[in-house]
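Asker: This one is query_27.cif, mmCIF, C-alpha atoms.
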data_entry
#
loop_
_atom_site.label_atom_id
_atom_site.label_comp_id
_atom_site.auth_asym_id
_atom_site.auth_seq_id
_atom_site.Cartn_x
_atom_site.Cartn_y
_atom_site.Cartn_z
CA MET A 1 29.18 -19.08 1.89
CA ARG A 2 30.70 -21.78 -0.15
CA SER A 3 31.42 -25.20 1.18
CA ILE A 4 34.22 -26.27 -1.18
CA ARG A 5 35.69 -23.14 -2.73
CA PRO A 6 36.71 -20.21 -0.55
CA LEU A 7 34.34 -17.28 -0.20
CA LEU A 8 34.85 -14.48 -2.65
CA MET A 9 35.56 -11.42 -0.57
CA ALA A 10 34.75 -8.99 -3.34
CA ALA A 11 34.94 -5.30 -2.63
CA SER A 12 31.20 -5.02 -3.02
CA ALA A 13 30.69 -7.72 -0.45
CA VAL A 14 33.05 -6.17 1.98
CA ALA A 15 31.29 -2.91 1.51
CA ALA A 16 28.01 -4.51 2.38
CA LEU A 17 28.95 -5.32 5.88
CA THR A 18 31.00 -2.23 6.48
CA LEU A 19 28.04 0.04 6.64
CA THR A 20 26.84 -1.89 3.75
CA VAL A 21 24.10 -4.39 3.41
CA THR A 22 25.16 -7.83 4.59
CA ALA A 23 23.73 -9.84 1.74
CA CYS A 24 25.61 -12.09 -0.64
CA GLY A 25 27.61 -12.45 -3.83
CA PRO A 26 27.94 -14.68 -6.88
CA THR A 27 28.68 -18.32 -7.31
CA GLU A 28 31.22 -19.43 -9.89
CA GLU A 29 29.00 -22.04 -11.42
CA ASN A 30 26.13 -19.59 -11.88
CA ALA A 31 27.97 -16.57 -13.20
CA GLY A 32 28.38 -17.57 -16.81
CA ASP A 33 26.22 -18.87 -19.60
CA LYS A 34 25.88 -22.29 -18.06
CA PRO A 35 22.24 -23.16 -17.22
CA SER A 36 21.70 -22.46 -13.55
CA ALA A 37 18.55 -24.47 -12.96
CA PRO A 38 18.50 -28.24 -12.93
CA VAL A 39 15.15 -28.63 -14.64
CA SER A 40 13.28 -31.30 -16.51
CA GLU A 41 13.72 -31.96 -20.21
CA ASN A 42 11.06 -29.35 -20.85
CA PRO A 43 11.79 -26.29 -18.67
CA VAL A 44 8.43 -24.79 -19.61
CA ASP A 45 6.73 -27.46 -17.51
CA LYS A 46 8.69 -26.38 -14.45
CA ILE A 47 7.52 -22.77 -14.22
CA LYS A 48 4.28 -21.30 -12.91
CA ILE A 49 3.32 -17.81 -14.05
CA PRO A 50 0.01 -16.33 -12.86
CA GLU A 51 -1.96 -14.59 -15.59
CA ASP A 52 -1.53 -11.11 -14.11
CA LEU A 53 2.22 -11.57 -14.02
CA LYS A 54 2.28 -12.76 -17.62
CA GLN A 55 0.78 -9.47 -18.78
CA ARG A 56 3.15 -7.39 -16.70
CA LEU A 57 6.13 -9.26 -18.11
CA LYS A 58 4.81 -8.66 -21.62
CA ASP A 59 4.32 -4.98 -20.84
CA HIS A 60 8.04 -4.81 -20.16
CA GLY A 61 8.92 -6.57 -23.39
CA ILE A 62 9.86 -9.84 -21.71
CA ASP A 63 9.25 -12.97 -23.78
CA LEU A 64 7.78 -15.66 -21.52
CA ASP A 65 9.21 -18.61 -23.40
CA LYS A 66 12.65 -17.06 -23.33
CA TRP A 67 12.23 -16.29 -19.62
CA ARG A 68 11.41 -19.93 -18.95
CA ASN A 69 14.54 -20.97 -20.81
CA GLY A 70 16.91 -18.64 -18.99
CA GLU A 71 15.95 -15.11 -20.08
CA TRP A 72 15.64 -14.27 -16.36
CA LYS A 73 19.46 -14.15 -16.43
CA ASN A 74 19.30 -11.09 -18.70
CA TRP A 75 20.25 -8.15 -16.47
CA ASP A 76 20.21 -5.48 -19.16
CA LYS A 77 19.07 -2.19 -17.68
CA ASP A 78 15.86 -2.16 -19.72
CA LYS A 79 15.00 -5.69 -18.59
CA TRP A 80 15.70 -5.16 -14.89
CA LEU A 81 12.34 -4.30 -13.35
CA ARG A 82 12.82 -1.57 -10.78
CA GLU A 83 9.62 0.12 -9.68
CA ALA A 84 7.65 -1.02 -6.64
CA LYS A 85 4.68 -2.07 -8.76
CA ASP A 86 6.78 -4.14 -11.16
CA PHE A 87 7.85 -7.01 -8.91
CA VAL A 88 7.52 -10.42 -10.61
CA ASN A 89 8.87 -13.75 -9.42
CA PRO A 90 7.59 -16.75 -11.43
CA ILE A 91 8.27 -20.07 -9.73
CA ILE A 92 10.89 -22.29 -11.37
CA GLU A 93 10.63 -25.65 -9.67
CA ASP A 94 13.84 -27.26 -8.45
CA LEU A 95 15.92 -24.20 -9.35
CA TRP A 96 17.11 -24.03 -5.75
CA ASP A 97 18.67 -27.46 -5.49
CA PRO A 98 21.11 -28.39 -2.66
CA ASP A 99 24.22 -27.33 -4.60
CA ARG A 100 22.79 -23.97 -5.58
CA MET A 101 21.58 -23.26 -2.05
CA ARG A 102 24.88 -24.31 -0.52
CA ASP A 103 26.96 -22.26 -2.93
CA ALA A 104 24.94 -19.03 -2.82
CA GLU A 105 27.00 -16.19 -1.41
CA ARG A 106 26.35 -13.14 0.66
CA PRO A 107 25.39 -9.63 -0.45
CA GLU A 108 27.27 -7.31 1.84
CA ARG A 109 26.68 -3.75 2.91
CA PRO A 110 29.82 -2.59 4.72
CA VAL A 111 30.17 0.78 6.34
CA GLU A 112 33.22 2.64 7.44
CA GLU A 113 33.35 4.57 10.70
CA GLU A 114 33.85 7.80 8.75
CA ASP A 115 30.41 7.25 7.20
CA ILE A 116 28.82 7.65 10.62
CA SER A 117 27.51 11.04 11.67
CA GLY A 118 27.63 11.77 15.38
CA ASP A 119 27.44 15.57 15.27
CA GLU A 120 23.73 16.15 14.79
CA GLY A 121 22.17 12.71 15.05
CA VAL A 122 22.63 10.60 18.17
CA THR A 123 25.35 7.95 17.95
CA ASP A 124 26.54 6.03 21.00
CA PRO A 125 30.10 4.73 21.37
CA THR A 126 31.00 1.74 19.21
CA PRO A 127 29.96 -1.40 21.12
CA ASP A 128 32.43 -4.07 22.13
CA PRO A 129 32.28 -7.13 19.84
CA VAL A 130 29.99 -9.91 21.03
CA LYS A 131 31.02 -13.35 19.80
CA ALA A 132 28.26 -15.00 17.78
CA LYS A 133 27.05 -18.25 19.31
CA ALA A 134 25.95 -21.26 17.28
CA VAL A 135 22.23 -21.98 17.50
CA PRO A 136 21.77 -25.57 18.72
CA ALA A 137 20.18 -28.28 16.62
CA LYS A 138 17.47 -28.67 15.69
CA TYR A 139 16.74 -25.19 14.47
CA HIS A 140 13.05 -26.03 14.25
CA ALA A 141 13.05 -26.38 18.03
CA SER A 142 15.51 -23.64 18.95
CA SER A 143 14.65 -20.93 16.37
CA PRO A 144 11.72 -22.14 14.24
CA ALA A 145 10.83 -18.76 12.74
CA SER A 146 14.29 -18.23 11.24
CA GLY A 147 15.56 -19.23 7.80
CA LYS A 148 17.37 -18.14 4.67
CA VAL A 149 16.33 -16.10 1.63
CA PHE A 150 17.88 -17.11 -1.69
CA PHE A 151 17.85 -14.93 -4.80
CA ASP A 152 19.62 -14.26 -8.08
CA GLY A 153 21.32 -11.04 -9.16
CA PRO A 154 23.64 -9.96 -11.96
CA ASP A 155 26.66 -11.45 -10.15
CA GLY A 156 25.07 -14.84 -9.44
CA SER A 157 23.20 -16.56 -6.62
CA MET A 158 23.04 -14.85 -3.25
CA VAL A 159 21.65 -15.42 0.22
CA CYS A 160 20.31 -13.50 3.20
CA SER A 161 18.56 -14.38 6.45
CA ALA A 162 14.88 -13.86 7.31
CA THR A 163 12.08 -14.45 9.84
CA VAL A 164 8.50 -15.74 9.67
CA VAL A 165 6.20 -13.03 11.07
CA LYS A 166 2.55 -12.94 12.05
CA ASP A 167 -0.08 -11.68 9.62
CA PRO A 168 -3.08 -9.90 11.21
CA ALA A 169 -5.16 -10.76 8.13
CA HIS A 170 -4.53 -14.49 8.65
CA PRO A 171 -4.21 -15.24 12.39
CA GLY A 172 -2.26 -18.44 12.92
CA LYS A 173 -1.88 -18.89 9.16
CA SER A 174 0.70 -16.35 8.09
CA ASN A 175 2.66 -16.55 4.86
CA LEU A 176 4.70 -13.44 5.59
CA VAL A 177 8.50 -13.25 5.90
CA TRP A 178 10.54 -10.29 7.13
CA THR A 179 14.01 -9.50 5.74
CA ALA A 180 16.19 -6.59 4.60
CA GLY A 181 15.36 -4.43 1.60
CA HIS A 182 18.79 -5.09 0.09
CA CYS A 183 17.94 -8.80 0.02
CA VAL A 184 15.14 -8.24 -2.50
CA HIS A 185 16.05 -5.03 -4.39
CA LYS A 186 19.42 -3.53 -5.31
CA GLY A 187 18.32 0.01 -4.48
CA LYS A 188 19.30 3.02 -6.56
CA GLU A 189 21.86 0.91 -8.48
CA GLY A 190 19.34 -1.53 -9.97
CA GLY A 191 16.04 -3.31 -9.56
CA TRP A 192 14.26 -6.33 -8.10
CA TYR A 193 16.29 -9.47 -7.64
CA ARG A 194 14.91 -12.66 -9.21
CA ASN A 195 13.98 -16.17 -8.11
CA ILE A 196 13.48 -15.01 -4.52
CA ALA A 197 12.71 -17.94 -2.21
CA PHE A 198 12.64 -18.58 1.54
CA VAL A 199 13.86 -21.78 3.23
CA PRO A 200 12.84 -22.04 6.90
CA SER A 201 15.24 -23.87 9.23
CA TYR A 202 17.86 -24.34 6.51
CA ASN A 203 20.17 -27.23 7.53
CA ASP A 204 17.84 -27.95 10.46
CA SER A 205 19.92 -30.84 11.82
CA VAL A 206 23.14 -28.77 11.66
CA MET A 207 25.04 -31.07 9.32
CA GLU A 208 28.70 -30.35 8.73
CA THR A 209 29.66 -28.88 5.37
CA SER A 210 31.15 -32.16 4.16
CA ALA A 211 27.82 -33.90 4.83
CA LEU A 212 25.82 -31.11 3.20
CA GLU A 213 27.62 -31.73 -0.07
CA LYS A 214 25.87 -35.09 -0.25
CA ALA A 215 22.58 -34.11 1.40
CA SER A 216 19.21 -34.27 -0.33
CA ARG A 217 16.99 -31.25 -0.80
CA GLU A 218 14.65 -32.59 1.88
CA GLN A 219 17.52 -32.78 4.36
CA ILE A 220 18.66 -29.24 3.66
CA ALA A 221 15.15 -27.77 3.41
CA PRO A 222 12.95 -30.05 5.57
CA TYR A 223 10.09 -27.51 5.66
CA GLY A 224 10.13 -26.81 1.95
CA VAL A 225 11.08 -23.99 -0.38
CA TRP A 226 8.67 -21.04 -0.35
CA TRP A 227 8.73 -18.62 -3.30
CA ALA A 228 7.95 -14.92 -3.09
CA ASP A 229 4.50 -14.15 -4.45
CA TRP A 230 4.86 -10.48 -3.67
CA VAL A 231 7.49 -8.27 -2.05
CA LYS A 232 7.45 -4.73 -0.71
CA THR A 233 10.38 -2.65 0.43
CA SER A 234 10.51 1.03 1.27
CA ASP A 235 10.46 3.75 -1.37
CA GLN A 236 13.48 5.18 0.42
CA TRP A 237 15.47 2.00 -0.09
CA ILE A 238 14.58 1.85 -3.79
CA ALA A 239 15.57 5.50 -4.26
CA GLN A 240 18.62 5.68 -1.98
CA GLY A 241 19.90 2.19 -1.21
CA ALA A 242 23.50 1.40 -2.05
CA SER A 243 25.83 -1.55 -1.65
CA THR A 244 28.28 0.38 0.52
CA GLY A 245 28.37 3.37 2.80
CA GLY A 246 25.05 2.80 4.55
CA ALA A 247 22.86 4.84 2.18
CA GLY A 248 19.21 3.95 2.76
CA ALA A 249 20.02 1.73 5.75
CA PRO A 250 17.44 3.29 8.14
CA TYR A 251 14.80 2.10 5.66
CA ASP A 252 16.42 -1.23 4.79
CA PHE A 253 13.54 -3.63 5.43
CA ALA A 254 11.17 -5.75 3.33
CA VAL A 255 8.10 -7.96 3.66
CA ILE A 256 7.63 -11.05 1.49
CA GLN A 257 4.39 -12.93 0.86
CA VAL A 258 5.35 -16.53 0.07
CA THR A 259 3.78 -19.60 -1.46
CA PRO A 260 5.07 -23.21 -1.44
CA GLU A 261 7.04 -24.20 -4.52
CA LYS A 262 5.37 -27.56 -4.94
CA GLY A 263 1.82 -26.28 -4.59
CA SER A 264 -0.44 -25.85 -1.60
CA SER A 265 -0.69 -28.61 0.99
CA GLY A 266 -3.42 -26.69 2.73
CA LYS A 267 -0.98 -25.41 5.35
CA SER A 268 0.41 -21.92 5.61
CA LEU A 269 4.07 -21.18 6.31
CA GLU A 270 3.24 -20.40 9.94
CA GLU A 271 1.39 -23.70 10.32
CA THR A 272 4.24 -25.55 8.62
CA VAL A 273 6.98 -24.22 10.89
CA GLY A 274 4.73 -23.99 13.94
CA THR A 275 5.29 -20.34 14.83
CA ALA A 276 5.61 -16.72 13.71
CA LEU A 277 6.82 -13.61 15.49
CA PRO A 278 4.75 -10.45 15.93
CA VAL A 279 6.33 -7.26 14.56
CA ASP A 280 6.59 -4.30 16.94
CA PHE A 281 6.39 -1.02 15.04
CA ASN A 282 6.56 0.97 18.25
CA ALA A 283 9.47 -0.67 20.02
CA PRO A 284 10.88 1.08 23.09
CA ALA A 285 13.69 3.58 22.79
CA VAL A 286 17.21 2.26 23.31
CA PRO A 287 17.50 3.20 27.02
CA LYS A 288 14.43 1.08 27.79
CA ILE A 289 15.63 -2.09 26.03
CA LYS A 290 17.56 -4.55 28.17
CA ASP A 291 18.90 -6.54 25.24
CA MET A 292 18.22 -7.62 21.67
CA THR A 293 18.99 -10.92 19.99
CA ALA A 294 20.00 -10.98 16.31
CA THR A 295 19.83 -14.29 14.44
CA GLY A 296 21.19 -15.20 11.02
CA TYR A 297 23.34 -17.33 8.76
CA PRO A 298 26.69 -15.49 8.46
CA ALA A 299 28.48 -16.48 5.27
CA ALA A 300 31.71 -14.49 5.05
CA PRO A 301 34.84 -15.85 6.82
CA PRO A 302 35.25 -17.22 9.39
CA PHE A 303 31.72 -18.53 8.71
CA ASP A 304 30.50 -20.37 5.61
CA GLY A 305 26.75 -19.71 5.64
CA GLN A 306 25.71 -23.26 6.41
CA LYS A 307 24.85 -22.80 10.09
CA MET A 308 22.72 -20.45 12.17
CA TYR A 309 24.21 -18.11 14.77
CA ARG A 310 22.97 -15.40 17.10
CA CYS A 311 24.22 -12.50 19.20
CA ALA A 312 22.60 -10.89 22.25
CA ASP A 313 23.57 -7.42 23.45
CA LYS A 314 22.12 -4.24 24.91
CA PRO A 315 21.59 -1.94 21.92
CA GLY A 316 23.03 1.49 21.34
CA ARG A 317 22.10 4.20 18.85
CA LEU A 318 23.61 4.79 15.42
CA SER A 319 22.93 7.87 13.31
CA LEU A 320 24.02 7.92 9.67
CA LYS A 321 22.25 11.17 8.77
CA ALA A 322 20.72 13.57 11.23
CA GLU A 323 17.51 13.91 9.20
CA GLN A 324 16.93 10.14 9.07
CA PRO A 325 15.74 7.76 11.81
CA THR A 326 18.34 6.60 14.30
CA MET A 327 19.21 2.89 13.99
CA TYR A 328 19.78 0.24 16.63
CA ARG A 329 23.34 -1.09 16.97
CA ILE A 330 24.70 -4.10 18.87
CA GLY A 331 28.07 -5.77 19.26
CA CYS A 332 28.19 -8.92 17.12
CA THR A 333 30.80 -10.85 15.14
CA MET A 334 28.36 -12.21 12.53
CA THR A 335 29.41 -11.39 8.98
CA ALA A 336 27.72 -10.87 5.62
CA GLY A 337 24.91 -13.32 4.94
CA SER A 338 23.30 -12.50 8.28
CA SER A 339 21.59 -9.55 6.56
CA GLY A 340 17.84 -9.55 6.95
CA GLY A 341 17.94 -11.76 10.02
CA GLY A 342 15.46 -10.79 12.72
CA TRP A 343 16.27 -8.79 15.84
CA VAL A 344 14.06 -9.83 18.74
CA ALA A 345 13.35 -8.00 21.99
CA THR A 346 10.73 -8.30 24.71
CA GLY A 347 7.66 -6.38 23.67
CA ARG A 348 5.40 -4.23 25.80
CA ASP A 349 3.26 -7.30 26.53
CA GLY A 350 6.27 -9.18 27.87
CA GLN A 351 6.44 -11.48 24.83
CA PRO A 352 9.21 -11.64 22.21
CA ALA A 353 8.66 -9.51 19.10
CA LEU A 354 10.64 -8.66 15.98
CA VAL A 355 11.86 -5.06 16.32
CA SER A 356 14.52 -4.81 13.58
CA ASN A 357 16.62 -6.72 11.07
CA THR A 358 20.32 -6.81 10.26
CA SER A 359 21.18 -4.17 7.68
CA ILE A 360 24.79 -3.01 7.94
CA GLY A 361 28.05 -3.63 9.75
CA PRO A 362 31.76 -2.96 9.39
CA ALA A 363 34.07 -5.11 7.31
CA THR A 364 35.84 -5.88 10.59
CA ALA A 365 32.63 -7.58 11.76
CA GLY A 366 32.53 -6.22 15.32
CA TRP A 367 29.00 -4.85 15.30
CA LEU A 368 25.70 -4.86 13.39
CA ALA A 369 23.05 -2.18 12.91
CA GLY A 370 19.39 -2.44 12.00
CA PRO A 371 16.56 0.02 11.33
CA ARG A 372 14.14 1.00 14.05
CA LEU A 373 10.78 -0.03 12.63
CA GLY A 374 8.32 2.85 12.45
CA PRO A 375 5.54 4.24 10.21
CA GLU A 376 7.33 3.47 6.93
CA ALA A 377 7.89 -0.16 7.88
CA GLU A 378 4.35 -0.53 9.18
CA ALA A 379 2.93 0.90 5.95
CA ILE A 380 4.63 -1.66 3.69
CA PHE A 381 3.72 -4.46 6.11
CA ASP A 382 0.05 -3.43 6.07
CA GLU A 383 0.04 -3.16 2.29
CA VAL A 384 1.28 -6.73 1.83
CA SER A 385 -1.06 -8.08 4.50
CA LYS A 386 -4.10 -6.34 3.02
CA LYS A 387 -3.24 -7.41 -0.54
CA TYR A 388 -3.79 -11.06 0.44
CA ALA A 389 -6.41 -10.51 3.16
CA GLY A 390 -9.21 -12.12 1.19
CA GLN A 391 -7.22 -15.12 -0.01
#
Show this structure as structure tokens.

Answerer:
Amino acid sequence: MRSIRPLLMAASAVAALTLTVTACGPTEENAGDKPSAPVSENPVDKIKIPEDLKQRLKDHGIDLDKWRNGEWKNWDKDKWLREAKDFVNPIIEDLWDPDRMRDAERPERPVEEEDISGDEGVTDPTPDPVKAKAVPAKYHASSPASGKVFFDGPDGSMVCSATVVKDPAHPGKSNLVWTAGHCVHKGKEGGWYRNIAFVPSYNDSVMETSALEKASREQIAPYGVWWADWVKTSDQWIAQGASTGGAGAPYDFAVIQVTPEKGSSGKSLEETVGTALPVDFNAPAVPKIKDMTATGYPAAPPFDGQKMYRCADKPGRLSLKAEQPTMYRIGCTMTAGSSGGGWVATGRDGQPALVSNTSIGPATAGWLAGPRLGPEAEAIFDEVSKKYAGQ
């Protein structure tokens, strides 16, 4: 999703949306030794590390001063925190500036048709492609709960899509964001990504790419940059998840607790954007769903990641392994970068609810699949909600 240079269609990216996660890839300017964060003269002043995180970093042999000065770019196996309990994400102010946000690429999770099992699990015929439609400006009015997740990995800066969701522990004041597991953790191949941040209504006024190259941070991120305080994804994703082939996809979901980069204004994320979607962990079976709408920021050609799109279609069923939950699948031409974006359907109360998120799709970009949210998804959601219930 680059505005000036063409997108890098790396094999790993193609794999992500071919029964692969549809996340993002590296940026040229952030892949080498060049400092990736435009910080003040003293970078130490630009980072906030809670005391409990300081100790956990030390326990893993991570020097805080070096981290502040770029040690977070060290992706050595021993430095890449992997376990669920080891997530850390110290805020580095102004790291996600307009250029870095604009140039972040997509992590993909492509799947090939031969990866799909239809013998024992239930898989419906491949849906006809549904052309993605541009979401009208302003996004804050047309899709206020949607936004982008930015993060850093070994290959550079990457991007996914995400949705603000309701928090039962803080009615009307949620700081929870829903996305895909592969947008926060590399799965069995690695560990937690770093510098994870959410930008609601990215490019809210739908500026053209040429205008975005000169836009201020406030224009690109009018509702602020919200950093991950805590993240949970499924144990299955951490153990099984892979960049291609669809491994772990039925459990490819994550919940992020966020905090504003510039400090609290007294308003939660939900209050700031004006809405949040409920999550339905008991959504109807496919035959009972009239249609689903998937929203995201596709970044692989013919898209560039700078604008929001959506697809609406009646879902079908997709089985990758007979012993794992069957996924939802819809026709959609959105490409990598739309990963993590929310799938919305009418709930049992007649109101819209988040029922899935984009996980995988083919490199040919004719359809998308997302996990059906059940007990595993509800468990990680409840854990994050309860962790911050008293705060």

Asker: Can you build me a table of stretch 124-156 of chain A residues sitting at most 9 Å from stretch 274-293 of chain A, with the closest atom pair per residue and its distance in Å to one decimal, using all atoms listed in the file, sorted by chain and residue number, as a tab-separated table?

Answerer:
residue	atom	partner	partner_atom	distance
A:His140	CA	A:Gly274	CA	8.6
A:Pro144	CA	A:Thr275	CA	6.7
A:Ala145	CA	A:Ala276	CA	5.7

Asker: Using all atoms listed in the file, tabulate the residues of stretch 184-267 of chain A lying at most 12 Å from any atom of stretch 52-70 of chain A, each with its closest atom pair and that distance in Å to one decimal, by chain and increasing residue number, as a tab-separated table.

Answerer:
residue	atom	partner	partner_atom	distance
A:Arg194	CA	A:Trp67	CA	11.3
A:Asn195	CA	A:Gly70	CA	11.5
A:Asp229	CA	A:Leu53	CA	10.2
A:Trp230	CA	A:Leu53	CA	10.7

Asker: Mind telling me what the PyMOL selection byres ((chain A and resi 251) around 12) catches here, as a JSON list (two decimals) with C-alpha atoms, in the frame of the given file?

Answerer:
[["chain", "number", "residue", "atom", "x", "y", "z"],
["A", 21, "VAL", "CA", 24.10, -4.39, 3.41],
["A", 179, "THR", "CA", 14.01, -9.50, 5.74],
["A", 180, "ALA", "CA", 16.19, -6.59, 4.60],
["A", 181, "GLY", "CA", 15.36, -4.43, 1.60],
["A", 182, "HIS", "CA", 18.79, -5.09, 0.09],
["A", 187, "GLY", "CA", 18.32, 0.01, -4.48],
["A", 232, "LYS", "CA", 7.45, -4.73, -0.71],
["A", 233, "THR", "CA", 10.38, -2.65, 0.43],
["A", 234, "SER", "CA", 10.51, 1.03, 1.27],
["A", 235, "ASP", "CA", 10.46, 3.75, -1.37],
["A", 236, "GLN", "CA", 13.48, 5.18, 0.42],
["A", 237, "TRP", "CA", 15.47, 2.00, -0.09],
["A", 238, "ILE", "CA", 14.58, 1.85, -3.79],
["A", 239, "ALA", "CA", 15.57, 5.50, -4.26],
["A", 240, "GLN", "CA", 18.62, 5.68, -1.98],
["A", 241, "GLY", "CA", 19.90, 2.19, -1.21],
["A", 242, "ALA", "CA", 23.50, 1.40, -2.05],
["A", 246, "GLY", "CA", 25.05, 2.80, 4.55],
["A", 247, "ALA", "CA", 22.86, 4.84, 2.18],
["A", 248, "GLY", "CA", 19.21, 3.95, 2.76],
["A", 249, "ALA", "CA", 20.02, 1.73, 5.75],
["A", 250, "PRO", "CA", 17.44, 3.29, 8.14],
["A", 252, "ASP", "CA", 16.42, -1.23, 4.79],
["A", 253, "PHE", "CA", 13.54, -3.63, 5.43],
["A", 254, "ALA", "CA", 11.17, -5.75, 3.33],
["A", 320, "LEU", "CA", 24.02, 7.92, 9.67],
["A", 324, "GLN", "CA", 16.93, 10.14, 9.07],
["A", 325, "PRO", "CA", 15.74, 7.76, 11.81],
["A", 326, "THR", "CA", 18.34, 6.60, 14.30],
["A", 327, "MET", "CA", 19.21, 2.89, 13.99],
["A", 356, "SER", "CA", 14.52, -4.81, 13.58],
["A", 357, "ASN", "CA", 16.62, -6.72, 11.07],
["A", 358, "THR", "CA", 20.32, -6.81, 10.26],
["A", 359, "SER", "CA", 21.18, -4.17, 7.68],
["A", 360, "ILE", "CA", 24.79, -3.01, 7.94],
["A", 369, "ALA", "CA", 23.05, -2.18, 12.91],
["A", 370, "GLY", "CA", 19.39, -2.44, 12.00],
["A", 371, "PRO", "CA", 16.56, 0.02, 11.33],
["A", 372, "ARG", "CA", 14.14, 1.00, 14.05],
["A", 373, "LEU", "CA", 10.78, -0.03, 12.63],
["A", 374, "GLY", "CA", 8.32, 2.85, 12.45],
["A", 375, "PRO", "CA", 5.54, 4.24, 10.21],
["A", 376, "GLU", "CA", 7.33, 3.47, 6.93],
["A", 377, "ALA", "CA", 7.89, -0.16, 7.88],
["A", 378, "GLU", "CA", 4.35, -0.53, 9.18],
["A", 379, "ALA", "CA", 2.93, 0.90, 5.95],
["A", 380, "ILE", "CA", 4.63, -1.66, 3.69]]

Asker: Pick out the residues sitting within 8 Å of A:Met308, and hand them over as a PyMOL selection string; count only C-alpha atoms, and ignore anything fewer than 2 positions along from it in its own chain.

Answerer: chain A and resi 134-135+139+295-298+305-306+310

Asker: So that all listed atoms of stretch 121-130 of chain A fit with 5 Å spare on each side, what axis-aligned box centre and edge lengths in Å, to one decimal, would you give as JSON?

Answerer:
{"center_x": 27.3, "center_y": 1.4, "center_z": 18.6, "size_x": 20.3, "size_y": 32.6, "size_z": 17.1}

Asker: Hey, could you patch up stretch 248-252 of chain A with all heavy atoms and hand it over as an mmCIF file, keeping the file's coordinate frame?

Answerer:
data_model
loop_
_atom_site.group_PDB
_atom_site.id
_atom_site.type_symbol
_atom_site.label_atom_id
_atom_site.label_comp_id
_atom_site.auth_asym_id
_atom_site.auth_seq_id
_atom_site.Cartn_x
_atom_site.Cartn_y
_atom_site.Cartn_z
ATOM 1 N N GLY A 248 20.510 4.618 2.711
ATOM 2 C CA GLY A 248 19.210 3.950 2.760
ATOM 3 C C GLY A 248 19.038 2.971 3.896
ATOM 4 O O GLY A 248 17.955 2.398 4.073
ATOM 5 N N ALA A 249 20.079 2.761 4.711
ATOM 6 C CA ALA A 249 20.020 1.730 5.750
ATOM 7 C C ALA A 249 18.903 1.916 6.772
ATOM 8 O O ALA A 249 18.315 0.924 7.233
ATOM 9 C CB ALA A 249 21.376 1.635 6.464
ATOM 10 N N PRO A 250 18.538 3.147 7.179
ATOM 11 C CA PRO A 250 17.440 3.290 8.140
ATOM 12 C C PRO A 250 16.095 2.806 7.606
ATOM 13 O O PRO A 250 15.149 2.637 8.378
ATOM 14 C CB PRO A 250 17.412 4.801 8.411
ATOM 15 C CG PRO A 250 18.806 5.260 8.137
ATOM 16 C CD PRO A 250 19.231 4.435 6.951
ATOM 17 N N TYR A 251 16.032 2.578 6.298
ATOM 18 C CA TYR A 251 14.800 2.100 5.660
ATOM 19 C C TYR A 251 15.004 0.745 4.977
ATOM 20 O O TYR A 251 14.266 0.365 4.063
ATOM 21 C CB TYR A 251 14.307 3.111 4.632
ATOM 22 C CG TYR A 251 14.142 4.510 5.193
ATOM 23 C CD1 TYR A 251 15.142 5.472 5.032
ATOM 24 C CD2 TYR A 251 13.002 4.859 5.900
ATOM 25 C CE1 TYR A 251 15.008 6.750 5.550
ATOM 26 C CE2 TYR A 251 12.841 6.139 6.420
ATOM 27 C CZ TYR A 251 13.843 7.080 6.250
ATOM 28 O OH TYR A 251 13.706 8.345 6.779
ATOM 29 N N ASP A 252 16.007 0.030 5.435
ATOM 30 C CA ASP A 252 16.420 -1.230 4.790
ATOM 31 C C ASP A 252 15.641 -2.417 5.362
ATOM 32 O O ASP A 252 16.162 -3.214 6.128
ATOM 33 C CB ASP A 252 17.926 -1.410 4.986
ATOM 34 C CG ASP A 252 18.482 -2.625 4.259
ATOM 35 O OD1 ASP A 252 17.797 -3.151 3.360
ATOM 36 O OD2 ASP A 252 19.604 -3.048 4.601
#
